[in-house]
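J.: Take a look at my_file01.txt, compact mmCIF, C-alpha atoms:
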# COMPACT_ATOMS: atom_id res chain seq x y z
CA MET A 20 -2.31 36.36 66.17
CA LYS A 21 -1.39 39.05 63.64
CA LEU A 22 1.05 38.48 60.78
CA TYR A 23 2.55 41.47 58.99
CA ASP A 24 2.71 39.86 55.61
CA TYR A 25 3.81 40.31 52.00
CA ILE A 26 2.35 37.84 49.52
CA LEU A 27 5.55 37.45 47.46
CA SER A 28 7.88 36.99 50.45
CA PRO A 29 9.01 33.38 50.94
CA SER A 30 9.69 34.09 54.63
CA CYS A 31 6.12 35.33 55.13
CA TYR A 32 4.85 32.31 53.20
CA LYS A 33 6.66 30.00 55.65
CA VAL A 34 4.49 31.38 58.44
CA ARG A 35 1.25 31.27 56.41
CA LEU A 36 2.05 27.69 55.38
CA MET A 37 2.86 26.57 58.93
CA ALA A 38 -0.34 28.17 60.19
CA ALA A 39 -2.38 26.44 57.47
CA LEU A 40 -0.78 23.05 58.17
CA THR A 41 -1.44 23.39 61.91
CA CYS A 42 -4.93 24.87 61.43
CA VAL A 43 -4.11 28.18 63.14
CA LYS A 44 -6.08 31.22 61.99
CA LEU A 45 -3.87 34.24 61.34
CA ASP A 46 -4.99 37.83 61.21
CA ILE A 47 -3.17 38.92 58.04
CA ARG A 48 -2.00 42.53 57.86
CA PRO A 49 -0.67 43.15 54.30
CA VAL A 50 2.51 45.25 54.10
CA ASP A 51 3.40 47.31 51.03
CA PHE A 52 6.94 45.89 50.86
CA HIS A 53 7.44 46.81 47.22
CA PRO A 54 7.35 49.49 45.95
CA GLY A 55 6.14 51.28 49.12
CA ALA A 56 8.91 50.04 51.50
CA GLU A 57 6.33 50.18 54.27
CA HIS A 58 8.45 47.81 56.36
CA ARG A 59 10.93 50.70 56.75
CA GLY A 60 8.22 53.13 57.83
CA PRO A 61 7.70 54.34 61.42
CA GLU A 62 4.80 52.01 62.28
CA LEU A 63 6.64 48.79 61.42
CA MET A 64 10.05 50.01 62.58
CA ALA A 65 8.47 50.52 65.99
CA LEU A 66 7.57 46.84 66.02
CA ASN A 67 10.78 45.61 64.37
CA PRO A 68 13.76 47.95 64.41
CA ALA A 69 15.52 45.61 61.98
CA GLY A 70 13.04 46.70 59.30
CA SER A 71 12.30 43.19 58.05
CA ILE A 72 9.13 41.20 57.53
CA PRO A 73 7.42 38.96 58.52
CA ILE A 74 6.48 40.16 61.99
CA LEU A 75 4.22 38.01 64.15
CA GLU A 76 2.40 39.74 66.99
CA ASP A 77 0.49 37.83 69.65
CA ALA A 78 -0.44 40.03 72.61
CA ASP A 79 2.84 40.93 74.29
CA LEU A 80 4.92 38.61 72.08
CA ILE A 81 6.56 40.15 69.01
CA LEU A 82 8.57 37.80 66.80
CA THR A 83 10.74 38.99 63.90
CA GLU A 84 12.51 35.74 62.97
CA SER A 85 10.49 33.36 60.81
CA SER A 86 12.02 30.22 62.36
CA ALA A 87 10.85 31.39 65.80
CA MET A 88 7.37 31.94 64.35
CA LEU A 89 7.28 28.38 63.02
CA VAL A 90 8.33 27.04 66.42
CA TYR A 91 5.72 29.21 68.17
CA LEU A 92 2.89 28.05 65.91
CA ALA A 93 3.94 24.41 66.30
CA ALA A 94 4.33 24.64 70.07
CA ARG A 95 0.92 26.30 70.39
CA ALA A 96 -1.09 24.13 68.02
CA ALA A 97 0.74 21.01 66.83
CA PRO A 98 3.84 20.04 68.86
CA GLU A 99 4.49 17.01 66.64
CA TRP A 100 5.97 19.51 64.15
CA LEU A 101 8.79 20.15 66.66
CA GLY A 102 10.06 16.57 66.36
CA SER A 103 10.00 13.72 68.82
CA GLY A 104 12.45 15.25 71.28
CA ALA A 105 15.08 12.54 70.68
CA ALA A 106 18.58 14.02 70.87
CA GLU A 107 19.60 13.38 67.27
CA GLU A 108 16.29 14.52 65.84
CA THR A 109 16.24 17.68 67.95
CA ALA A 110 19.75 18.49 66.72
CA ARG A 111 18.76 17.91 63.10
CA VAL A 112 15.77 20.24 63.48
CA GLN A 113 18.08 22.96 64.82
CA GLN A 114 20.71 22.24 62.15
CA TRP A 115 18.24 22.80 59.30
CA LEU A 116 16.51 25.74 60.98
CA SER A 117 19.87 27.53 61.11
CA PHE A 118 20.76 26.33 57.62
CA SER A 119 17.56 27.92 56.29
CA ASN A 120 19.17 31.35 56.89
CA ARG A 121 21.79 30.43 54.29
CA LEU A 122 19.05 29.63 51.79
CA THR A 123 17.54 33.06 52.46
CA ALA A 124 20.90 34.80 51.99
CA SER A 125 21.90 32.92 48.83
CA LEU A 126 18.78 31.82 46.89
CA GLY A 127 16.71 34.63 48.42
CA GLY A 128 19.42 37.17 47.56
CA ALA A 129 19.58 35.93 43.96
CA ARG A 130 15.78 36.12 43.73
CA LEU A 131 15.67 39.72 45.04
CA HIS A 132 18.41 40.63 42.57
CA GLU A 133 16.53 39.13 39.64
CA MET A 134 12.98 40.15 40.60
CA LEU A 135 13.37 43.47 42.41
CA LEU A 136 16.76 44.53 41.00
CA ARG A 137 18.33 44.48 44.48
CA PRO A 138 22.09 45.19 44.10
CA GLY A 139 24.38 42.20 44.62
CA ASP A 140 26.93 39.87 43.06
CA ILE A 141 24.51 37.59 41.24
CA THR A 142 27.19 35.07 40.22
CA ALA A 143 28.33 34.66 43.82
CA LEU A 144 24.75 34.48 45.14
CA GLN A 145 23.87 31.77 42.62
CA ALA A 146 27.04 29.80 43.42
CA GLN A 147 26.24 29.98 47.14
CA GLY A 148 22.68 28.90 46.35
CA ILE A 149 23.91 25.87 44.42
CA ALA A 150 26.24 24.96 47.29
CA ALA A 151 23.31 25.15 49.72
CA LEU A 152 21.05 23.07 47.45
CA ARG A 153 23.76 20.43 47.22
CA GLU A 154 23.98 20.26 51.01
CA LEU A 155 20.23 19.90 51.25
CA GLU A 156 20.20 17.22 48.53
CA ALA A 157 22.95 15.25 50.29
CA GLY A 158 21.10 15.56 53.60
CA LEU A 159 17.91 14.24 52.06
CA VAL A 160 19.74 11.36 50.33
CA GLU A 161 21.22 10.33 53.68
CA GLN A 162 17.86 10.64 55.42
CA GLY A 163 16.41 8.42 52.70
CA LEU A 164 19.10 5.80 53.43
CA ARG A 165 18.05 6.00 57.10
CA GLY A 166 14.46 5.34 55.99
CA MET A 167 13.25 8.91 56.56
CA ARG A 168 11.56 11.12 54.01
CA PHE A 169 12.03 14.49 55.70
CA LEU A 170 14.98 16.53 56.98
CA ALA A 171 14.84 15.52 60.63
CA SER A 172 12.43 12.63 60.78
CA ASP A 173 10.08 10.44 58.78
CA ARG A 174 7.43 13.08 59.30
CA PRO A 175 7.72 16.77 58.44
CA THR A 176 8.91 19.21 61.09
CA VAL A 177 9.36 22.97 61.32
CA ALA A 178 12.79 22.42 59.73
CA ASP A 179 11.21 21.30 56.43
CA ILE A 180 8.88 24.31 56.36
CA ALA A 181 11.81 26.64 57.10
CA CYS A 182 13.79 25.31 54.13
CA PHE A 183 11.05 24.64 51.58
CA PRO A 184 10.00 28.08 50.23
CA TYR A 185 13.38 29.51 49.18
CA VAL A 186 14.30 26.15 47.65
CA ALA A 187 11.06 25.90 45.68
CA LEU A 188 11.54 29.46 44.37
CA ALA A 189 15.23 29.01 43.42
CA PRO A 190 14.40 29.31 39.68
CA ASP A 191 13.21 32.89 40.34
CA GLY A 192 16.87 33.66 41.11
CA GLY A 193 18.13 31.86 38.02
CA VAL A 194 19.10 28.67 39.88
CA SER A 195 17.78 25.44 38.32
CA LEU A 196 16.27 22.71 40.47
CA ALA A 197 16.68 20.09 37.73
CA PRO A 198 19.85 18.48 39.20
CA TYR A 199 18.30 17.52 42.57
CA PRO A 200 16.15 14.36 42.51
CA ALA A 201 15.92 14.05 46.32
CA ILE A 202 14.81 17.69 46.62
CA ARG A 203 12.21 17.05 43.91
CA LEU A 204 10.71 14.12 45.87
CA TRP A 205 10.85 16.04 49.16
CA SER A 206 9.15 19.05 47.62
CA ARG A 207 6.49 16.76 46.25
CA ALA A 208 5.96 15.16 49.67
CA LEU A 209 5.54 18.59 51.26
CA ARG A 210 3.13 19.78 48.59
CA SER A 211 1.10 16.59 49.15
CA LEU A 212 0.44 17.41 52.82
CA GLU A 213 -3.12 17.96 53.89
CA ASN A 214 -3.96 21.68 54.16
CA PHE A 215 -0.95 22.71 52.03
CA ILE A 216 -1.40 26.22 50.63
CA GLU A 217 0.17 27.91 47.61
CA MET A 218 2.00 31.16 47.06
CA PRO A 219 2.74 32.82 43.69
CA GLY A 220 5.42 30.59 42.13
CA ILE A 221 4.68 27.55 44.32
CA HIS A 222 1.65 25.68 43.11
CA ARG A 223 -0.20 22.72 44.51
CA LEU A 224 -0.02 19.31 42.85
CA HIS A 225 -2.80 19.41 40.27
CA GLU A 226 -2.83 15.64 39.97
CA LEU A 227 -4.01 15.27 43.56
CA LYS A 228 -7.37 16.68 42.55
CA PRO A 229 -9.63 14.84 40.11
CA ASP A 230 -9.58 15.95 36.51
CA PRO A 231 -12.08 18.84 36.39
CA HIS A 232 -12.96 18.25 32.76
CA ILE A 233 -13.95 14.59 32.73
CA GLU A 234 -17.10 14.08 30.68
CA PRO A 235 -19.97 12.42 32.53
CA ASP A 236 -20.52 8.71 31.89
CA GLY A 237 -22.19 8.01 28.60
CA ALA A 238 -21.38 11.48 27.21
CA MET B 29 27.78 6.63 25.86
CA LEU B 30 27.72 3.10 24.49
CA PRO B 31 27.77 4.07 20.84
CA ASP B 32 26.90 1.46 18.26
CA THR B 33 26.27 1.89 14.58
CA THR B 34 22.79 3.29 14.89
CA GLY B 35 22.39 4.86 18.31
CA SER B 36 23.18 4.72 22.00
CA TRP B 37 21.56 4.68 25.42
CA THR B 38 21.94 7.49 27.97
CA PRO B 39 21.32 6.68 31.67
CA VAL B 40 19.08 9.57 32.71
CA ALA B 41 17.73 8.74 36.18
CA LEU B 42 17.34 6.16 38.90
CA SER B 43 14.01 4.32 38.79
CA ALA B 44 13.47 5.26 42.45
CA ASP B 45 13.69 8.97 41.60
CA LEU B 46 10.71 8.73 39.23
CA PRO B 47 7.74 7.33 41.18
CA ALA B 48 4.44 6.58 39.44
CA GLY B 49 2.53 9.72 38.52
CA THR B 50 5.54 12.05 38.30
CA VAL B 51 7.59 13.89 35.68
CA MET B 52 11.17 15.20 35.68
CA PRO B 53 13.50 16.88 33.17
CA ALA B 54 16.14 14.66 31.51
CA TRP B 55 18.70 15.76 28.95
CA THR B 56 20.39 13.56 26.35
CA PRO B 57 22.47 14.50 23.30
CA ALA B 58 19.21 14.22 21.33
CA GLY B 59 17.66 17.04 23.36
CA SER B 60 15.65 17.93 26.44
CA ASN B 61 13.02 15.45 27.56
CA ALA B 62 10.15 15.35 29.99
CA LEU B 63 10.72 11.94 31.53
CA TRP B 64 7.55 10.66 33.15
CA ARG B 65 5.92 7.64 34.65
CA SER B 66 2.19 7.02 34.36
CA ASP B 67 0.02 6.01 37.29
CA SER B 68 0.22 2.40 36.08
CA GLY B 69 4.03 2.58 36.18
CA ARG B 70 4.94 2.92 32.49
CA THR B 71 7.78 5.28 31.59
CA ALA B 72 8.00 7.66 28.63
CA ALA B 73 10.31 10.39 27.33
CA SER B 74 8.55 13.25 25.55
CA ALA B 75 10.29 16.24 23.98
CA ASP B 76 10.34 18.90 26.70
CA ARG B 77 8.30 21.45 24.77
CA CYS B 78 4.54 21.67 24.48
CA PRO B 79 3.64 22.17 20.81
CA HIS B 80 0.96 24.65 21.87
CA ARG B 81 2.95 27.48 23.52
CA GLY B 82 6.38 26.01 24.03
CA MET B 83 6.12 25.51 27.81
CA ARG B 84 8.40 22.83 29.25
CA LEU B 85 6.34 19.69 29.73
CA SER B 86 8.65 18.74 32.62
CA HIS B 87 6.89 21.54 34.56
CA GLY B 88 3.64 19.68 33.94
CA PHE B 89 1.91 16.87 35.77
CA VAL B 90 0.86 13.27 35.26
CA ARG B 91 -2.70 12.14 35.73
CA GLY B 92 -3.59 8.56 34.87
CA GLU B 93 -1.78 7.58 31.68
CA ALA B 94 -1.26 11.14 30.35
CA LEU B 95 1.26 13.95 30.75
CA SER B 96 -0.40 17.38 30.97
CA CYS B 97 1.14 20.77 30.27
CA ILE B 98 1.04 23.14 33.26
CA TYR B 99 0.14 26.09 31.02
CA HIS B 100 -3.16 25.20 29.30
CA GLY B 101 -3.55 21.55 30.21
CA TRP B 102 -3.01 19.98 26.80
CA SER B 103 -2.33 16.35 27.58
CA TYR B 104 -0.31 13.74 25.77
CA ALA B 105 -0.13 9.96 25.68
CA ARG B 106 3.10 7.99 26.07
CA ALA B 107 3.22 7.66 22.28
CA GLY B 108 3.22 11.48 21.97
CA ASN B 109 -0.24 12.04 20.51
CA CYS B 110 -2.37 14.81 22.01
CA LEU B 111 -5.26 13.34 23.98
CA ARG B 112 -7.15 16.40 25.10
CA ILE B 113 -7.34 20.18 24.81
CA PRO B 114 -9.30 21.41 27.84
CA ALA B 115 -10.38 24.67 26.18
CA HIS B 116 -12.09 22.59 23.46
CA PRO B 117 -13.63 19.73 25.40
CA GLY B 118 -15.64 18.46 22.44
CA LEU B 119 -12.68 18.32 20.08
CA ALA B 120 -10.82 15.12 19.31
CA PRO B 121 -7.28 16.48 18.83
CA PRO B 122 -5.97 15.81 15.32
CA GLU B 123 -3.13 13.31 14.85
CA THR B 124 -0.85 16.14 13.69
CA ILE B 125 -0.67 17.55 17.24
CA ARG B 126 2.00 15.46 18.95
CA VAL B 127 5.26 15.65 20.85
CA ALA B 128 8.34 13.77 19.70
CA THR B 129 9.18 10.80 21.90
CA GLN B 130 12.28 8.72 22.56
CA ARG B 131 12.54 5.07 23.48
CA VAL B 132 12.90 4.38 27.19
CA GLU B 133 14.24 1.22 28.81
CA GLU B 134 14.38 0.45 32.49
CA SER B 135 16.60 -2.23 34.00
CA ASP B 136 18.47 -2.84 37.24
CA GLY B 137 16.95 0.29 38.81
CA LEU B 138 18.09 2.69 36.07
CA ILE B 139 16.16 4.50 33.37
CA TRP B 140 17.82 4.80 29.94
CA VAL B 141 16.72 7.00 27.05
CA ALA B 142 17.68 6.17 23.47
CA VAL B 143 19.65 8.54 21.28
CA GLY B 144 18.92 7.40 17.76
CA GLU B 145 17.96 3.77 17.25
CA PRO B 146 20.27 1.55 19.30
CA ALA B 147 20.19 -2.05 18.14
CA ALA B 148 20.92 -3.64 21.51
CA ALA B 149 19.38 -3.20 24.95
CA PRO B 150 21.14 -1.04 27.57
CA PRO B 151 23.91 -2.79 29.51
CA ARG B 152 22.94 -4.86 32.53
CA LEU B 153 24.34 -3.97 35.95
CA GLU B 154 23.66 -7.15 37.84
CA GLY B 155 24.73 -7.35 41.45
CA LEU B 156 24.70 -3.56 41.74
CA VAL B 157 22.09 -1.25 43.24
CA PRO B 158 21.75 2.43 42.33
CA LEU B 159 22.42 4.81 45.22
CA ARG B 160 21.86 8.34 43.90
CA SER B 161 22.37 10.66 40.96
CA LEU B 162 24.26 13.94 41.17
CA THR B 163 25.41 16.56 38.69
CA ALA B 164 28.96 17.90 38.50
CA HIS B 165 30.05 21.16 36.90
CA ALA B 166 32.88 19.23 35.33
CA SER B 167 33.45 17.25 32.16
CA VAL B 168 33.58 13.47 31.92
CA ALA B 169 37.34 13.83 31.39
CA ALA B 170 37.74 15.84 34.62
CA LEU B 171 35.81 13.19 36.54
CA GLU B 172 37.92 10.42 35.00
CA THR B 173 41.07 12.29 36.01
CA ALA B 174 39.80 12.85 39.55
CA ALA B 175 38.84 9.17 39.87
CA GLY B 176 42.08 7.95 38.29
CA ALA B 177 40.13 5.68 35.94
CA THR B 178 38.67 5.68 32.46
CA ALA B 179 34.99 5.17 31.80
CA GLY B 180 34.24 1.99 29.86
CA PRO B 181 30.88 0.90 28.48
CA GLU B 182 29.74 0.07 32.00
CA GLY B 183 31.08 3.21 33.64
CA ILE B 184 33.94 3.73 36.04
CA VAL B 185 34.94 1.30 38.75
CA TRP B 186 36.23 3.64 41.44
CA LYS B 187 38.12 2.41 44.47
CA VAL B 188 36.88 4.50 47.40
CA GLN B 189 38.76 2.62 50.10
CA ALA B 190 40.78 -0.57 50.25
CA SER B 191 37.61 -2.53 50.97
CA GLN B 192 35.03 -0.71 48.85
CA THR B 193 34.60 0.05 45.19
CA ILE B 194 31.68 1.91 43.70
CA ARG B 195 30.48 2.15 40.13
CA LEU B 196 29.92 5.48 38.45
CA LEU B 197 27.90 5.87 35.27
CA LEU B 198 28.70 9.19 33.60
CA ALA B 199 26.39 11.00 31.17
CA ALA B 200 27.68 14.21 29.59
CA GLN B 201 25.22 17.11 29.87
CA GLU B 202 25.05 20.60 28.44
CA ASP B 203 27.53 23.33 29.49
CA ASP B 204 30.35 20.92 30.39
CA GLN B 205 28.30 19.34 33.16
CA THR B 206 28.13 15.63 33.87
CA LEU B 207 25.36 13.56 35.37
CA ILE B 208 26.79 10.91 37.70
CA HIS B 209 24.84 7.82 38.75
CA VAL B 210 26.40 6.11 41.77
CA LEU B 211 25.91 2.35 42.13
CA LEU B 212 27.31 -0.08 44.66
CA ARG B 213 27.24 -3.78 45.54
CA ASP B 214 23.76 -4.87 46.47
CA ASN B 215 24.98 -6.31 49.78
CA SER B 216 26.31 -2.93 50.99
CA SER B 217 25.35 -1.91 54.52
CA PRO B 218 23.50 1.34 55.29
CA ALA B 219 26.74 2.82 56.65
CA GLN B 220 28.58 1.88 53.42
CA ARG B 221 25.83 3.52 51.38
CA ILE B 222 26.09 6.78 53.30
CA ALA B 223 29.89 6.63 53.00
CA ALA B 224 29.60 6.09 49.24
CA SER B 225 27.26 9.08 48.91
CA ARG B 226 29.76 11.28 50.75
CA ALA B 227 32.65 9.89 48.69
CA ALA B 228 30.82 10.83 45.50
CA GLU B 229 30.56 14.41 46.78
CA THR B 230 34.30 14.43 47.43
CA LEU B 231 34.99 13.16 43.92
CA ARG B 232 32.76 15.88 42.49
CA ARG B 233 34.65 18.55 44.44
CA ALA B 234 37.97 17.21 43.13
CA ALA B 235 36.76 17.09 39.53
CA GLU B 236 35.30 20.59 39.73
CA ALA B 237 38.58 21.89 41.16
CA LEU B 238 40.44 20.31 38.22
CA GLN B 239 37.95 21.79 35.79
CA ALA B 240 38.20 25.27 37.36
CA LYS B 241 41.99 25.19 37.14
CA GLY B 242 41.81 24.06 33.55
CA ILE B 243 43.89 20.99 34.36
CA ALA B 244 41.52 18.44 32.91
CA PRO B 245 41.51 17.95 29.14
As structure tokens, how would this structure be written, given the file I've shared?

T.:
Amino acid sequence: MKLYDYILSPSCYKVRLMAALTCVKLDIRPVDFHPGAEHRGPELMALNPAGSIPILEDADLILTESSAMLVYLAARAAPEWLGSGAAEETARVQQWLSFSNRLTASLGGARLHEMLLRPGDITALQAQGIAALRELEAGLVEQGLRGMRFLASDRPTVADIACFPYVALAPDGGVSLAPYPAIRLWSRALRSLENFIEMPGIHRLHELKPDPHIEPDGA
Amino acid sequence: MLPDTTGSWTPVALSADLPAGTVMPAWTPAGSNALWRSDSGRTAASADRCPHRGMRLSHGFVRGEALSCIYHGWSYARAGNCLRIPAHPGLAPPETIRVATQRVEESDGLIWVAVGEPAAAPPRLEGLVPLRSLTAHASVAALETAAGATAGPEGIVWKVQASQTIRLLLAAQEDDQTLIHVLLRDNSSPAQRIAASRAAETLRRAAEALQAKGIAP
């Protein structure tokens, strides 16, 4: 399974993270997204005429939407990440998978504007990002009142992985995460998962590992 | 809020939003704090600036009974003294290296940080349970106008529906923002709690609309 990947792309990170969490080995093909714009070159345009990354290639299957990649990885390797199949839970998974596109457009747009000088109305992008974060926060508060720690269930699903990266990187676009206690706890729960991996800007929880500098007994 | 002659208490967070072994940012009129809870459950408010390189300590992490800076790992006790400098493992950090701290009190599921030296304890909120905290881009006055009530020492009693009132504690923040803590009767049903959460969002929208139009004082 080959992933056309860019290390700083939150959408590519979703796929790397999902693969790590489900113990799927990816064949990573790095793409010179910036400054080379390789994703707009003939080789990648032949795979994905939309000119976007990530692209996931598995034999005859070519996927260009990250949510579909998450679902594919889960269905192949760890179907529990798709949810239980109950009507309400299935609907919530789909709700947040679709919602994740708004995070990409708003928080992701603000991040591209601030990091790669992509043209855009930064004030509007940030305002849309805040509106999306508030929706996510409210959703998580309500899930908490239902006794569930994650967006669709009491265990993480593809919906959480679809939403997590652009949220965690919101400060790159000048949007503070300080006002969202439920998002803070949710982010912490996701970063505590076994086999969690990092990307630049999203670090693991250092406190989960023992202090590396403890002096030996009697020292 | 709650001024007395020597200081006041600011409600900064719900206890449930600060589990053991975590840190979060919390602002009071006395400044920015890294609010944290040690592994044994004790809370502390440290100035949100590492004396080493100025990194926000609220970006750091809690291990055991210490708060560590994410940048170079300098760690601090609840009292503010520096416990360890990883780059100099043999060095006992001098007493002069410390972060300022504020008093913290926790009662009825809320965490309060002192501004100055308040003589009395924070107010009790018996019979109420905290629901959630949210931040409005609106002043306290705009929220009071939207709720049709004035905040007293124990917040606003806001009538959501004929049968339900909720309590709002308001804490002014920087940039004309307000931190809202929503509390409700401790016998409220799950459905009432979800309804109260949604009602708080509606109130925030109304207050922000007032603020944007410049209607609120």

J.: Go through chain B residue by residue and, counting all atoms listed in the file, keep those with an atom at most 9 Å from chain A; for each kept residue give the shortest atom pair and its distance in Å to one decimal, ordered by chain and increasing number, as JSON lines.

T.:
{"residue": "B:Ala41", "atom": "CA", "partner": "A:Pro200", "partner_atom": "CA", "distance": 8.6}
{"residue": "B:Asp45", "atom": "CA", "partner": "A:Pro200", "partner_atom": "CA", "distance": 6.0}
{"residue": "B:Leu46", "atom": "CA", "partner": "A:Pro200", "partner_atom": "CA", "distance": 8.5}
{"residue": "B:Pro47", "atom": "CA", "partner": "A:Leu204", "partner_atom": "CA", "distance": 8.8}
{"residue": "B:Gly49", "atom": "CA", "partner": "A:Glu226", "partner_atom": "CA", "distance": 8.1}
{"residue": "B:Met52", "atom": "CA", "partner": "A:Ala197", "partner_atom": "CA", "distance": 7.6}
{"residue": "B:Pro53", "atom": "CA", "partner": "A:Ala197", "partner_atom": "CA", "distance": 6.4}
{"residue": "B:Ala54", "atom": "CA", "partner": "A:Ala197", "partner_atom": "CA", "distance": 8.3}
{"residue": "B:Phe89", "atom": "CA", "partner": "A:Glu226", "partner_atom": "CA", "distance": 6.5}
{"residue": "B:Val90", "atom": "CA", "partner": "A:Glu226", "partner_atom": "CA", "distance": 6.4}
{"residue": "B:Arg91", "atom": "CA", "partner": "A:Glu226", "partner_atom": "CA", "distance": 5.5}
{"residue": "B:Gly92", "atom": "CA", "partner": "A:Glu226", "partner_atom": "CA", "distance": 8.8}
{"residue": "B:Ile98", "atom": "CA", "partner": "A:His225", "partner_atom": "CA", "distance": 8.8}
{"residue": "B:Pro114", "atom": "CA", "partner": "A:His232", "partner_atom": "CA", "distance": 6.9}
{"residue": "B:Pro117", "atom": "CA", "partner": "A:His232", "partner_atom": "CA", "distance": 7.5}
{"residue": "B:Leu159", "atom": "CA", "partner": "A:Val160", "partner_atom": "CA", "distance": 8.7}
{"residue": "B:Arg160", "atom": "CA", "partner": "A:Val160", "partner_atom": "CA", "distance": 7.4}
{"residue": "B:Ser161", "atom": "CA", "partner": "A:Pro200", "partner_atom": "CA", "distance": 7.4}
{"residue": "B:Leu162", "atom": "CA", "partner": "A:Pro198", "partner_atom": "CA", "distance": 6.6}
{"residue": "B:Thr163", "atom": "CA", "partner": "A:Pro198", "partner_atom": "CA", "distance": 5.9}
{"residue": "B:Leu207", "atom": "CA", "partner": "A:Pro198", "partner_atom": "CA", "distance": 8.3}
{"residue": "B:Pro218", "atom": "CA", "partner": "A:Leu164", "partner_atom": "CA", "distance": 6.5}
{"residue": "B:Ala219", "atom": "CA", "partner": "A:Leu164", "partner_atom": "CA", "distance": 8.8}
{"residue": "B:Arg221", "atom": "CA", "partner": "A:Leu164", "partner_atom": "CA", "distance": 7.4}
{"residue": "B:Ile222", "atom": "CA", "partner": "A:Glu161", "partner_atom": "CA", "distance": 6.0}
{"residue": "B:Ser225", "atom": "CA", "partner": "A:Ala157", "partner_atom": "CA", "distance": 7.7}
{"residue": "B:Arg226", "atom": "CA", "partner": "A:Ala157", "partner_atom": "CA", "distance": 7.9}
{"residue": "B:Glu229", "atom": "CA", "partner": "A:Ala157", "partner_atom": "CA", "distance": 8.4}

J.: For a test of reading the model, state the distance in Å between atom CA of B:Trp140 and atom CA of B:Gly101, rounded to one decimal.

T.: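 Between atom CA of B:Trp140 and atom CA of B:Gly101 the gap is 27.2 Å.
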
J.: So which one's closest to B:Leu212, B:Ala227, B:Gly155, B:Ala179, B:Leu171? Using all atoms listed in the file, please.

T.: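 Among B:Ala227, B:Gly155, B:Ala179, B:Leu171, it is B:Gly155 that comes nearest to B:Leu212.
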
J.: For atom CA of A:Tyr185 and atom CA of B:Ser60, quote the distance in Å rounded to one decimal.

T.: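 Value for the atom CA of A:Tyr185-atom CA of B:Ser60 distance: 25.6 Å.
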
J.: How many Å separate atom CA of B:Leu153 from atom CA of B:Leu198?

T.: 14.1 Å

J.: In terms of the shortest atom-to-atom distance over only C-alpha atoms, which of B:Gly88, B:Trp102, B:Arg131, B:Gly35 is closest to B:Leu119?

T.: B:Trp102

J.: Need to verify the contact set: A:Val90, 8 Å, all atoms listed in the file, exclusion of same-chain residues closer than 3 positions in sequence. Can you return it as a compact mmCIF listing (two decimals) with C-alpha atoms, in the coordinates of the input?

T.:
# COMPACT_ATOMS: atom_id res chain seq x y z
CA SER A 86 12.02 30.22 62.36
CA ALA A 87 10.85 31.39 65.80
CA ALA A 93 3.94 24.41 66.30
CA ALA A 94 4.33 24.64 70.07
CA LEU A 101 8.79 20.15 66.66
CA VAL A 177 9.36 22.97 61.32

J.: Could you tell me, as a list in words, which residues have any atom at most 10 Å from (-3.4, 13.3, 26.4), counting all atoms listed in the file?

T.: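 Taken together, the residues in range are Val90, Arg91, Gly92, Glu93, Ala94, Leu95, Ser96, Cys97, Gly101, Trp102, Ser103, Tyr104, Ala105, Arg106, Ala107, Gly108, Asn109, Cys110, Leu111, Arg112, Ile113, Pro121 and Arg126 of chain B.
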